[in-house]
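Worksheet for the structure shown next.
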2 protein chains.
Amino acid sequence: MVETARNTRQRRAVGAILDDLDGFASAQEIHDILVRRGDKVGLSTVYRNLQYLVDAAEVDSLRGDDGEVLYRRCSAGHHHHLVCRDCGRTVEVEGPAVEKWADRVAAEHGFSDVAHTLEVFGTCSECGA
Amino acid sequence: MVETARNTRQRRAVGAILDDLDGFASAQEIHDILVRRGDKVGLSTVYRNLQYLVDAAEVDSLRGDDGEVLYRRCSAGHHHHLVCRDCGRTVEVEGPAVEKWADRVAAEHGFSDVAHTLEVFGTCSECGA
DNA sequence: TCTTTGATGAGAATCATTCCCATGAAGGTC
DNA sequence: GACCTTCATGGGAATGATTCTCATCAAAGA
């Protein structure tokens, strides 16, 4: 018998929130939304399911300024984020030049097995008004 | 009378550790080194002084995978880091093209007040052997 | 030496996140 | 549908980094 992830009410609820969200949100925020909405889901369960989704590459996570981890459903493939630090609104962006730069710089210094993190933060046009 | 930062024993001790370190270290690690060395410095004081140094741009900080904040004395000016994920050895690198790319992308999407985080991780030549 | 005032430190407080474990419910099987 | 196995859940405790509090200390100037 093959092990499959169970399709629980709670897992569906977390997924539904992520579908509705435009930008990144913390586990606590997602939990708050669920509670306000009337879905009873434990905080531990929210964390667990977010982690499942991250492992399954269905959700991207990044760390905000204050160290909180933020989550967002994202498209496949390597990309970076332009995030509004006020409202969290996010634009996925690509930077082929950056990828090449990182690889080149690493190679120049003899580093192998290279990875990089790159996020751009700013204030979006709406929040800046 | 002008307000100046006082040159305390504890502040000098934290600075001395940073001078000796090659790579990034956490506040707790720095505190451990001080204690082992026999310098009696409170943990709060280590945090405070590191924060002073960061504010004074004498020290760079970044967040490791586990969310811990790491500190390292760095040269002035905007730069990024190529960090060995095994031994922590760090090379400061510059990427003017990346800066421009980030600003351009942000501007294209109407974002203002732009900042970015970029760190490159890899395995250095020594650790890769 | 004396005074002023920022600096220190020990522990409490905070906050996100993870752990624990008794209970619940998917999903397969008959 | 009843049953069983096993993973999922949840609520509260535990963890761990960081910050806060505040009584006490010690720079640095007068």
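Scheme for the structure tokens: letters A, B, ... for chains in order shown; per-chain residue numbers from 1; ligand numbers from 1 in order shown.
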Do a least-squares overlay of chain B on chain A, C-alpha atoms all paired in order, then report the RMSD in Å.
0.8 Å
Return as a tab-separated table the residues of stretch 7-26 of chain D lying at most 10 Å from stretch 23-29 of chain C, together with the closest atom-to-atom pair for each and the distance in Å to one decimal, counting only C-alpha atoms (C1' of nucleotides), with rows in chain order and ascending residue number.
```
residue	atom	partner	partner_atom	distance
D:DC7	C1'	C:DA26	C1'	8.4
D:DA8	C1'	C:DA25	C1'	8.1
D:DT9	C1'	C:DG24	C1'	7.1
D:DG10	C1'	C:DT23	C1'	9.3
```
As a PyMOL selection string, please: every residue in chain A that DSSP puts in strand (DSSP E or B).
chain A and resi 25-26+59-63+69-73+80-84+90-93+112-123
Give the residues of chain A that lie within 12 Å of chain D; count only C-alpha atoms (C1' of nucleotides), and format the answer as a ChimeraX atom specification.
/A:1,3-11,40-49,66-67
Would you put the residues from that selection into a file with N, CA, C and O atoms, as a PDB file, in the first residue's frame?
```pdb
ATOM      1  N   MET A   1       0.849  -1.197   0.000  1.00  0.00           N
ATOM      2  CA  MET A   1       0.000   0.000   0.000  1.00  0.00           C
ATOM      3  C   MET A   1       0.890   1.254   0.000  1.00  0.00           C
ATOM      4  O   MET A   1       1.788   1.403   0.803  1.00  0.00           O
ATOM      5  N   GLU A   3       1.923   5.072   0.590  1.00  0.00           N
ATOM      6  CA  GLU A   3       1.620   6.134   1.536  1.00  0.00           C
ATOM      7  C   GLU A   3       1.251   7.398   0.793  1.00  0.00           C
ATOM      8  O   GLU A   3       2.004   7.867  -0.052  1.00  0.00           O
ATOM      9  N   THR A   4       0.114   7.945   1.089  1.00  0.00           N
ATOM     10  CA  THR A   4      -0.256   9.213   0.462  1.00  0.00           C
ATOM     11  C   THR A   4      -0.633  10.210   1.530  1.00  0.00           C
ATOM     12  O   THR A   4      -1.058   9.838   2.608  1.00  0.00           O
ATOM     13  N   ALA A   5      -0.477  11.476   1.189  1.00  0.00           N
ATOM     14  CA  ALA A   5      -0.874  12.518   2.115  1.00  0.00           C
ATOM     15  C   ALA A   5      -2.396  12.514   2.201  1.00  0.00           C
ATOM     16  O   ALA A   5      -3.085  12.449   1.199  1.00  0.00           O
ATOM     17  N   ARG A   6      -2.896  12.578   3.394  1.00  0.00           N
ATOM     18  CA  ARG A   6      -4.347  12.522   3.566  1.00  0.00           C
ATOM     19  C   ARG A   6      -4.992  13.859   3.272  1.00  0.00           C
ATOM     20  O   ARG A   6      -4.471  14.900   3.658  1.00  0.00           O
ATOM     21  N   ASN A   7      -6.137  13.773   2.656  1.00  0.00           N
ATOM     22  CA  ASN A   7      -6.838  14.981   2.243  1.00  0.00           C
ATOM     23  C   ASN A   7      -7.776  15.459   3.335  1.00  0.00           C
ATOM     24  O   ASN A   7      -8.984  15.277   3.261  1.00  0.00           O
ATOM     25  N   THR A   8      -7.217  16.076   4.344  1.00  0.00           N
ATOM     26  CA  THR A   8      -8.030  16.468   5.491  1.00  0.00           C
ATOM     27  C   THR A   8      -8.667  17.841   5.283  1.00  0.00           C
ATOM     28  O   THR A   8      -8.222  18.618   4.436  1.00  0.00           O
ATOM     29  N   ARG A   9      -9.718  18.081   6.070  1.00  0.00           N
ATOM     30  CA  ARG A   9     -10.383  19.380   6.028  1.00  0.00           C
ATOM     31  C   ARG A   9      -9.389  20.497   6.291  1.00  0.00           C
ATOM     32  O   ARG A   9      -9.375  21.522   5.601  1.00  0.00           O
ATOM     33  N   GLN A  10      -8.514  20.282   7.273  1.00  0.00           N
ATOM     34  CA  GLN A  10      -7.561  21.324   7.658  1.00  0.00           C
ATOM     35  C   GLN A  10      -6.575  21.620   6.536  1.00  0.00           C
ATOM     36  O   GLN A  10      -6.257  22.769   6.271  1.00  0.00           O
ATOM     37  N   ARG A  11      -6.123  20.549   5.866  1.00  0.00           N
ATOM     38  CA  ARG A  11      -5.157  20.754   4.800  1.00  0.00           C
ATOM     39  C   ARG A  11      -5.802  21.537   3.660  1.00  0.00           C
ATOM     40  O   ARG A  11      -5.194  22.432   3.071  1.00  0.00           O
ATOM     41  N   LYS A  40     -12.005  25.866  12.178  1.00  0.00           N
ATOM     42  CA  LYS A  40     -11.222  25.544  13.369  1.00  0.00           C
ATOM     43  C   LYS A  40     -10.005  24.704  12.961  1.00  0.00           C
ATOM     44  O   LYS A  40     -10.133  23.538  12.612  1.00  0.00           O
ATOM     45  N   VAL A  41      -8.845  25.333  12.985  1.00  0.00           N
ATOM     46  CA  VAL A  41      -7.597  24.638  12.658  1.00  0.00           C
ATOM     47  C   VAL A  41      -6.559  25.047  13.685  1.00  0.00           C
ATOM     48  O   VAL A  41      -6.424  26.223  13.998  1.00  0.00           O
ATOM     49  N   GLY A  42      -5.871  24.090  14.215  1.00  0.00           N
ATOM     50  CA  GLY A  42      -4.859  24.386  15.215  1.00  0.00           C
ATOM     51  C   GLY A  42      -3.634  25.046  14.602  1.00  0.00           C
ATOM     52  O   GLY A  42      -3.321  24.830  13.428  1.00  0.00           O
ATOM     53  N   LEU A  43      -2.952  25.844  15.417  1.00  0.00           N
ATOM     54  CA  LEU A  43      -1.776  26.543  14.920  1.00  0.00           C
ATOM     55  C   LEU A  43      -0.695  25.551  14.491  1.00  0.00           C
ATOM     56  O   LEU A  43      -0.063  25.709  13.445  1.00  0.00           O
ATOM     57  N   SER A  44      -0.513  24.495  15.264  1.00  0.00           N
ATOM     58  CA  SER A  44       0.493  23.487  14.907  1.00  0.00           C
ATOM     59  C   SER A  44       0.195  22.920  13.531  1.00  0.00           C
ATOM     60  O   SER A  44       1.095  22.674  12.739  1.00  0.00           O
ATOM     61  N   THR A  45      -1.075  22.697  13.275  1.00  0.00           N
ATOM     62  CA  THR A  45      -1.478  22.100  12.003  1.00  0.00           C
ATOM     63  C   THR A  45      -1.185  23.045  10.849  1.00  0.00           C
ATOM     64  O   THR A  45      -0.778  22.612   9.766  1.00  0.00           O
ATOM     65  N   VAL A  46      -1.380  24.329  11.076  1.00  0.00           N
ATOM     66  CA  VAL A  46      -1.060  25.296  10.035  1.00  0.00           C
ATOM     67  C   VAL A  46       0.433  25.226   9.717  1.00  0.00           C
ATOM     68  O   VAL A  46       0.825  25.127   8.550  1.00  0.00           O
ATOM     69  N   TYR A  47       1.249  25.225  10.742  1.00  0.00           N
ATOM     70  CA  TYR A  47       2.700  25.128  10.527  1.00  0.00           C
ATOM     71  C   TYR A  47       3.046  23.846   9.781  1.00  0.00           C
ATOM     72  O   TYR A  47       3.834  23.849   8.838  1.00  0.00           O
ATOM     73  N   ARG A  48       2.450  22.750  10.219  1.00  0.00           N
ATOM     74  CA  ARG A  48       2.768  21.465   9.598  1.00  0.00           C
ATOM     75  C   ARG A  48       2.421  21.460   8.122  1.00  0.00           C
ATOM     76  O   ARG A  48       3.221  21.053   7.282  1.00  0.00           O
ATOM     77  N   ASN A  49       1.228  21.935   7.805  1.00  0.00           N
ATOM     78  CA  ASN A  49       0.792  21.869   6.418  1.00  0.00           C
ATOM     79  C   ASN A  49       1.581  22.833   5.534  1.00  0.00           C
ATOM     80  O   ASN A  49       1.864  22.519   4.372  1.00  0.00           O
ATOM     81  N   ASP A  66      11.773  40.934  10.254  1.00  0.00           N
ATOM     82  CA  ASP A  66      11.717  40.614  11.674  1.00  0.00           C
ATOM     83  C   ASP A  66      12.013  39.143  11.952  1.00  0.00           C
ATOM     84  O   ASP A  66      11.914  38.699  13.082  1.00  0.00           O
ATOM     85  N   GLY A  67      12.338  38.394  10.896  1.00  0.00           N
ATOM     86  CA  GLY A  67      12.707  37.008  11.113  1.00  0.00           C
ATOM     87  C   GLY A  67      11.552  36.027  10.972  1.00  0.00           C
ATOM     88  O   GLY A  67      11.755  34.818  10.979  1.00  0.00           O
TER      89      GLY A  67
END
```
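By only C-alpha atoms (C1' of nucleotides), and with residues fewer than 6 positions from A:Glu119 along its chain excluded, the set lying at most 8 Å from it is His80, His81, Leu82 and Val83 of chain A; His116, Thr117 and Leu118 of chain B.
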Write a file of the selected residues as a PDB file, in the first residue's frame, keeping C-alpha atoms.
```pdb
ATOM      1  CA  HIS A  80      12.797  35.800  -7.081  1.00  0.00           C
ATOM      2  CA  HIS A  81      10.345  38.133  -5.383  1.00  0.00           C
ATOM      3  CA  LEU A  82       9.648  41.804  -5.302  1.00  0.00           C
ATOM      4  CA  VAL A  83       7.744  42.230  -2.066  1.00  0.00           C
TER       5      VAL A  83
ATOM      6  CA  HIS B 116      17.459  43.916  -1.388  1.00  0.00           C
ATOM      7  CA  THR B 117      19.078  40.937   0.241  1.00  0.00           C
ATOM      8  CA  LEU B 118      21.497  38.766  -1.674  1.00  0.00           C
TER       9      LEU B 118
END
```
Could you list, as a list in words, every residue of chain A that has an atom within 7 Å of an atom of chain B, counting only C-alpha atoms?
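Every residue meeting the condition is included here: Gly67, Leu82, Val98, Ala102, Ala106, Gly110, Phe111, Ser112, Asp113, Val114, Ala115, His116, Thr117, Leu118, Glu119, Val120, Phe121, Gly122, Thr123, Cys124 and Ser125 of chain A.
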Compile the residues of chain C that lie within 8 Å of chain B, evaluated using only C-alpha atoms (C1' of nucleotides), and express the compilation as a ChimeraX atom specification.
/C:6-9
Suppose you want the space between atom CA of B:Arg89 and atom CA of B:Asp22; what is it in Å?
6.4 Å
Separation of atom CA of B:Ala57 and atom CA of B:Ser75, in Å?
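Calculated distance between atom CA of B:Ala57 and atom CA of B:Ser75 is 8.9 Å.
Picture a line from atom CA of A:Asp39 to atom CA of A:Val59; it runs 21.0 Å.
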Where does DSSP see alpha helix (DSSP H) in chain A, if you list the residues as a ChimeraX atom specification?
/A:9-20,27-37,43-55,96-108,125-128
